[in-house]
Amino acid sequence: MSNLALPILYEILNRQPDVLAERVYAPWVDMEAIMRRRNIPLFSLESRQALKEFNIIGFSLGYELTYTNVLNILDLAQIPLFSSSRGDSHPLIIAGGSCALNPEPLADFIDLFVIGEGEEIILELLEVFREYRRDKKTLLKQSARLAGIYVPSFYCVDYNKDGSINSILPQIAEAKPKINRRIVTRLPFPVTSPIVPYIEVVHDRGSVEIQRGCTRGCRFCQAGIIYRPVRERPHKDVVTAAGELLKNCGYSEISLLSLSSGDYSDIDKLITRLSQQFYGDNLTFSFPSLRMDSSVIKLLDLLPARRRPTLTFAPEAGSEKLRRIINKGISEETILNTLAFVLDKGWTKIKLYFMIGLPGETLEDIYSIVELMTKIRRLGGKIRLHISVSILVPKPHTPCQWLAQETEEQLLPKYAILKKELSRLKAGFSWADPKTSQLEAALSRGDRRLGQVIHYAWQTGCKFDAWNEYFDYHKWLDAFQQFGLHPSFYANRERALDETLSWSHIDTGVNLEFLQREYHNMWQEKETPDCRYGKCHACGLNDGQAKKCPMAS
Ligand code: SF4
């Protein structure tokens with residue numbers, strides 16, 4: 001319910017006179033047990049129709065550790081898992097979302113992937129569906145012609161002896177050698193009558209997307225690449241949408257969504273306008289992500305004084321050197337000044353995100369996280385600090401995509417330092433499990449051979465892998481080994497800059513030259529400033545023909 005894409009597509013589809021779009025989620029294990037015992041096929045939430053009666057089933061893939069749930073959902077719906085086993089009478093299985101930018105690990109199960117933003121292409125796909133629905137082969141061929149559609153069964157993957165990819169080539173004329181990410185030039189008007197859940201959900205509030213895309217250029221960040229360019233929603237549309245959400249859903253909190261809210265033009269004026277407009281409605285506004293710089297000071301100053309929830313910031317690294325490497329352009333001085341300001345304003349609960357396993361990281365850099373925390377403690381006040389540490393997953397389509405993820409053996413001593421030193425500083429500490437992160441890296445960087453691994457893992461009981469209590473690394477390891485593979489081949493192997501990657505045929509619009517340039521800049525600790533405030537870095541979104549970036553001249 002917290003996925004913003006679903007209500008948008010749900011509304012676009014249901015606005016069509018001949019379409020009925022409904023929701024389904026993976027049932028929790030207790031419900032699944034009952035459904036299997038009583039042979040109840042999985043059904044939609046709205047009308048309780050069996051999934052297998054629908055024409056199309058679409059998955060939103062936001063996290064690789066839900067892949068076994070995709071299989072489980074299909075199985076519970078009594079639909080054959082492999083696309084090769086499904087005929088004309090079975091639903092068309094489609095998938096989109098950020099993970100679809102490397103679709104290969106799920107290639108065996110999904111009939112077609114939507115690459116990029118779905119608002120326009122979903123209607124084009126529907127047109128094709130209306131015409132060819134009775135003949136799946138033709139339907140897939142015609143769909144493959146559409147920009148942004150990838151039909152994996154039309155492509156052949158050839159491997160080198162060492163297991164790397166030699167080529168991924170289309171086998172029919174309709175399939176394109178490169179699949180271009182779809183990008184909408186204008187943001188569609190926000191959904192203002194979303195379904196309001198009657199149980200508590202994650203992010204239980206209204207939301208208005210104020211801006212899509214971020215060009216800050218953090219080198220580890222996939223979202224910063226795959227949602228480019230920046231597109232802003234006009235102030236007046238944000239205000240109108242907030243009013244409609246309040247009227248239609250009765251929310252008391254509205255989240256102003258963006259990858260980097262402080263970068264939205266005249267955000268202070270927008271907040272002032274919203275506060276004036278909804279004065280007396282008891283409506284509060286929140287931001288999902290705040291940078292540690294002067295923009296946050298401007299924003300927090302405008303928020304009503306009565307609420308002081310936990311403030312979350314992401315310095316990402318303790319040392320200036322590492323922050324330069326990842327292009328997180330904030331200095332220690334800015335971090336300390338920002339925190340001094342928020343403490344002064346009465347905020348006491350602070351959560352800080354760091355990442356370890358960054359390129360060029362040494363134990364000294366780990367100690368610099370501790371030093372930074374010590375300085376924050378010295379700022380005084382009754383500050384409740386929590387530090388959350390994740391592990392770099394070198395994601396596809398980022399300048400980090402060629403890096404090897406650090407191994408558990410490399411990471412554990414770093415965790416040991418942090419655990420010891422942070423308890424001394426009386427800071428809460430949570431950390432990502434190296435095995436889970438390795439699997440995430442393997443699945444996100446994986447190739448088509450992982451289909452059989454995912455299938456085997458699911459058969460042996462893996463599901464809800466993103467939930468600690470269900471994650472079973474040994475089952476996964478066994479699944480890889482069954483097929484002569486190992487997660488480290490995908491996660492912990494450095495790639496050559498000219499290697500064909502399993503996502504090389506997916507074109508985000510950001511070109512290889514830019515990513516390679518950024519890779520070199522990374523090792524030279526060279527900053528690449530945000531193109532929004534300076535010169536265009538020719539990332540590829542403007543290739544002279546398709547001017548997709550409003551910011552480039
Ligand atoms: S085309 Fe230029 S201005 Fe636009 S996102 Fe890319 S680098 Fe930035």
# chains A, B, ... in the order shown; residues from 1 in each chain; ligands from 1
>>> residues_around(residues="Val157 (chain A)", least_positions_apart="2", cutoff="7 Å", atoms="only C-alpha atoms", output="number ranges by chain")
A: 155, 159, 167-169
>>> residues_near_ligand(ligand="ligand 1", cutoff="8 Å", atoms="only C-alpha atoms and all ligand atoms", output="PyMOL selection string")
chain A and resi 215+228-230+510+530-532+535-542+548-553
>>> residues_around(residues="region 244-251 of chain A", least_positions_apart="2", cutoff="7 Å", atoms="only C-alpha atoms", output="VMD selection string")
chain A and resid 192 to 193 196 205 to 206 240 to 242 253
>>> residues_around(residues="region 462-467 of chain A", least_positions_apart="6", cutoff="12 Å", atoms="only C-alpha atoms", output="MDAnalysis selection string")
chainID A and resid 26:29 32 62:73 432:433 435:437 439:440 443 453:456 473:479
>>> atom_distance(atom1="CA of Gly116 (chain A)", atom2="CA of Gly96 (chain A)")
7.3 Å
>>> residues_around(residues="region 81-86 of chain A", least_positions_apart="2", cutoff="6 Å", atoms="only C-alpha atoms", output="list in words")
His90, Asp108, Phe109 and Asp111 of chain A
>>> closest_residue(among="A:Leu336, A:Leu379, A:Ile115, A:Ala107", to="Phe154 (chain A)", atoms="only C-alpha atoms")
A:Ala107
>>> residues_around(residues="Gly217 (chain A)", least_positions_apart="3", cutoff="12 Å", atoms="only C-alpha atoms", output="PyMOL selection string")
chain A and resi 213-214+220-230+259-260+323-329+398-400+510+514-515+518-519+521-522+527-532+536-537+539
>>> residues_around(residues="Lys141 (chain A)", least_positions_apart="3", cutoff="12 Å", atoms="only C-alpha atoms", output="number ranges by chain")
A: 111-112, 125, 128-129, 132-133, 135-138, 144-146, 149-155, 170-176
>>> closest_residue(among="A:Leu363, A:Val19, A:Leu123, A:Ala491", to="Ala416 (chain A)", atoms="only C-alpha atoms")
A:Leu363
>>> select_by_dssp(residues="region 300-528 of chain A", states="alpha helix (DSSP H)", output="JSON, numbers by chain")
{"A": [300, 301, 302, 320, 321, 322, 323, 324, 325, 332, 333, 334, 335, 336, 337, 338, 339, 340, 341, 342, 343, 344, 363, 364, 365, 366, 367, 368, 369, 370, 371, 372, 373, 374, 375, 376, 377, 408, 409, 410, 411, 412, 413, 414, 415, 416, 417, 418, 419, 420, 421, 422, 423, 424, 434, 435, 436, 437, 438, 439, 440, 441, 442, 443, 444, 450, 451, 452, 453, 454, 455, 456, 457, 458, 459, 473, 474, 475, 476, 477, 478, 479, 480, 481, 482, 487, 488, 489, 490, 491, 512, 513, 514, 515, 516, 517, 518, 519, 520, 521, 522, 523]}
>>> atom_distance(atom1="CA of Leu403 (chain A)", atom2="CA of Glu332 (chain A)")
26.3 Å
>>> closest_residue(among="A:Tyr490, A:Ser423, A:Pro91, A:Arg38", to="Ala50 (chain A)", atoms="only C-alpha atoms")
A:Pro91
>>> decode(residues="region 312-392 of chain A", atoms="C-alpha atoms", output="short mmCIF file (atom, residue, chain, number, x, y, z; two decimals), in the first residue's frame")
data_model
loop_
_atom_site.label_atom_id
_atom_site.label_comp_id
_atom_site.auth_asym_id
_atom_site.auth_seq_id
_atom_site.Cartn_x
_atom_site.Cartn_y
_atom_site.Cartn_z
CA THR A 312 16.46 10.86 9.55
CA PHE A 313 19.58 11.87 7.67
CA ALA A 314 21.97 9.94 5.51
CA PRO A 315 25.59 11.10 5.76
CA GLU A 316 26.40 7.64 4.26
CA ALA A 317 30.08 7.77 5.21
CA GLY A 318 32.11 8.99 8.18
CA SER A 319 35.09 10.40 6.32
CA GLU A 320 35.28 13.27 3.86
CA LYS A 321 37.36 11.05 1.59
CA LEU A 322 34.62 8.44 1.26
CA ARG A 323 31.95 11.06 0.83
CA ARG A 324 33.98 12.45 -2.06
CA ILE A 325 34.33 8.95 -3.52
CA ILE A 326 30.58 8.39 -3.51
CA ASN A 327 29.92 12.00 -4.55
CA LYS A 328 27.91 12.75 -1.43
CA GLY A 329 28.88 16.37 -1.43
CA ILE A 330 28.53 17.26 2.26
CA SER A 331 31.28 18.31 4.58
CA GLU A 332 31.61 17.39 8.23
CA GLU A 333 31.07 21.02 9.10
CA THR A 334 27.71 21.01 7.30
CA ILE A 335 26.66 17.80 9.07
CA LEU A 336 27.51 19.21 12.49
CA ASN A 337 25.93 22.58 11.75
CA THR A 338 22.71 20.93 10.56
CA LEU A 339 22.49 18.74 13.62
CA ALA A 340 23.28 21.66 15.94
CA PHE A 341 20.42 23.53 14.30
CA VAL A 342 17.89 20.71 14.66
CA LEU A 343 18.87 20.13 18.29
CA ASP A 344 18.48 23.81 18.94
CA LYS A 345 15.00 23.63 17.42
CA GLY A 346 14.02 20.95 19.92
CA TRP A 347 14.39 17.75 17.91
CA THR A 348 15.84 15.01 20.05
CA LYS A 349 15.41 11.80 18.08
CA ILE A 350 17.94 11.53 15.27
CA LYS A 351 18.52 8.57 13.00
CA LEU A 352 21.59 8.45 10.81
CA TYR A 353 22.21 6.14 7.88
CA PHE A 354 25.68 4.97 6.99
CA MET A 355 26.94 2.52 4.45
CA ILE A 356 29.97 0.27 4.71
CA GLY A 357 31.82 -1.67 2.06
CA LEU A 358 32.28 1.51 0.05
CA PRO A 359 35.03 1.66 -2.58
CA GLY A 360 38.41 2.55 -1.13
CA GLU A 361 37.17 2.09 2.45
CA THR A 362 39.70 1.26 5.18
CA LEU A 363 39.31 0.62 8.91
CA GLU A 364 40.30 4.25 9.40
CA ASP A 365 37.13 5.25 7.55
CA ILE A 366 35.10 3.08 9.91
CA TYR A 367 36.67 4.82 12.89
CA SER A 368 35.74 8.13 11.31
CA ILE A 369 32.05 7.16 11.67
CA VAL A 370 32.75 6.78 15.40
CA GLU A 371 34.59 10.11 15.49
CA LEU A 372 31.72 11.84 13.76
CA MET A 373 29.27 10.34 16.23
CA THR A 374 31.47 11.50 19.12
CA LYS A 375 31.36 15.04 17.76
CA ILE A 376 27.59 14.83 17.39
CA ARG A 377 27.32 13.68 21.03
CA ARG A 378 29.38 16.66 22.05
CA LEU A 379 26.78 18.96 20.55
CA GLY A 380 24.96 18.32 23.83
CA GLY A 381 21.24 18.20 24.44
CA LYS A 382 19.14 15.16 25.25
CA ILE A 383 19.76 13.61 21.92
CA ARG A 384 18.61 10.06 21.18
CA LEU A 385 20.84 8.75 18.43
CA HIS A 386 20.27 5.73 16.30
CA ILE A 387 22.67 4.58 13.64
CA SER A 388 21.62 2.29 10.88
CA VAL A 389 24.36 0.72 8.79
CA SER A 390 23.79 -0.90 5.45
CA ILE A 391 26.19 -2.58 3.05
CA LEU A 392 26.92 -1.27 -0.41
#
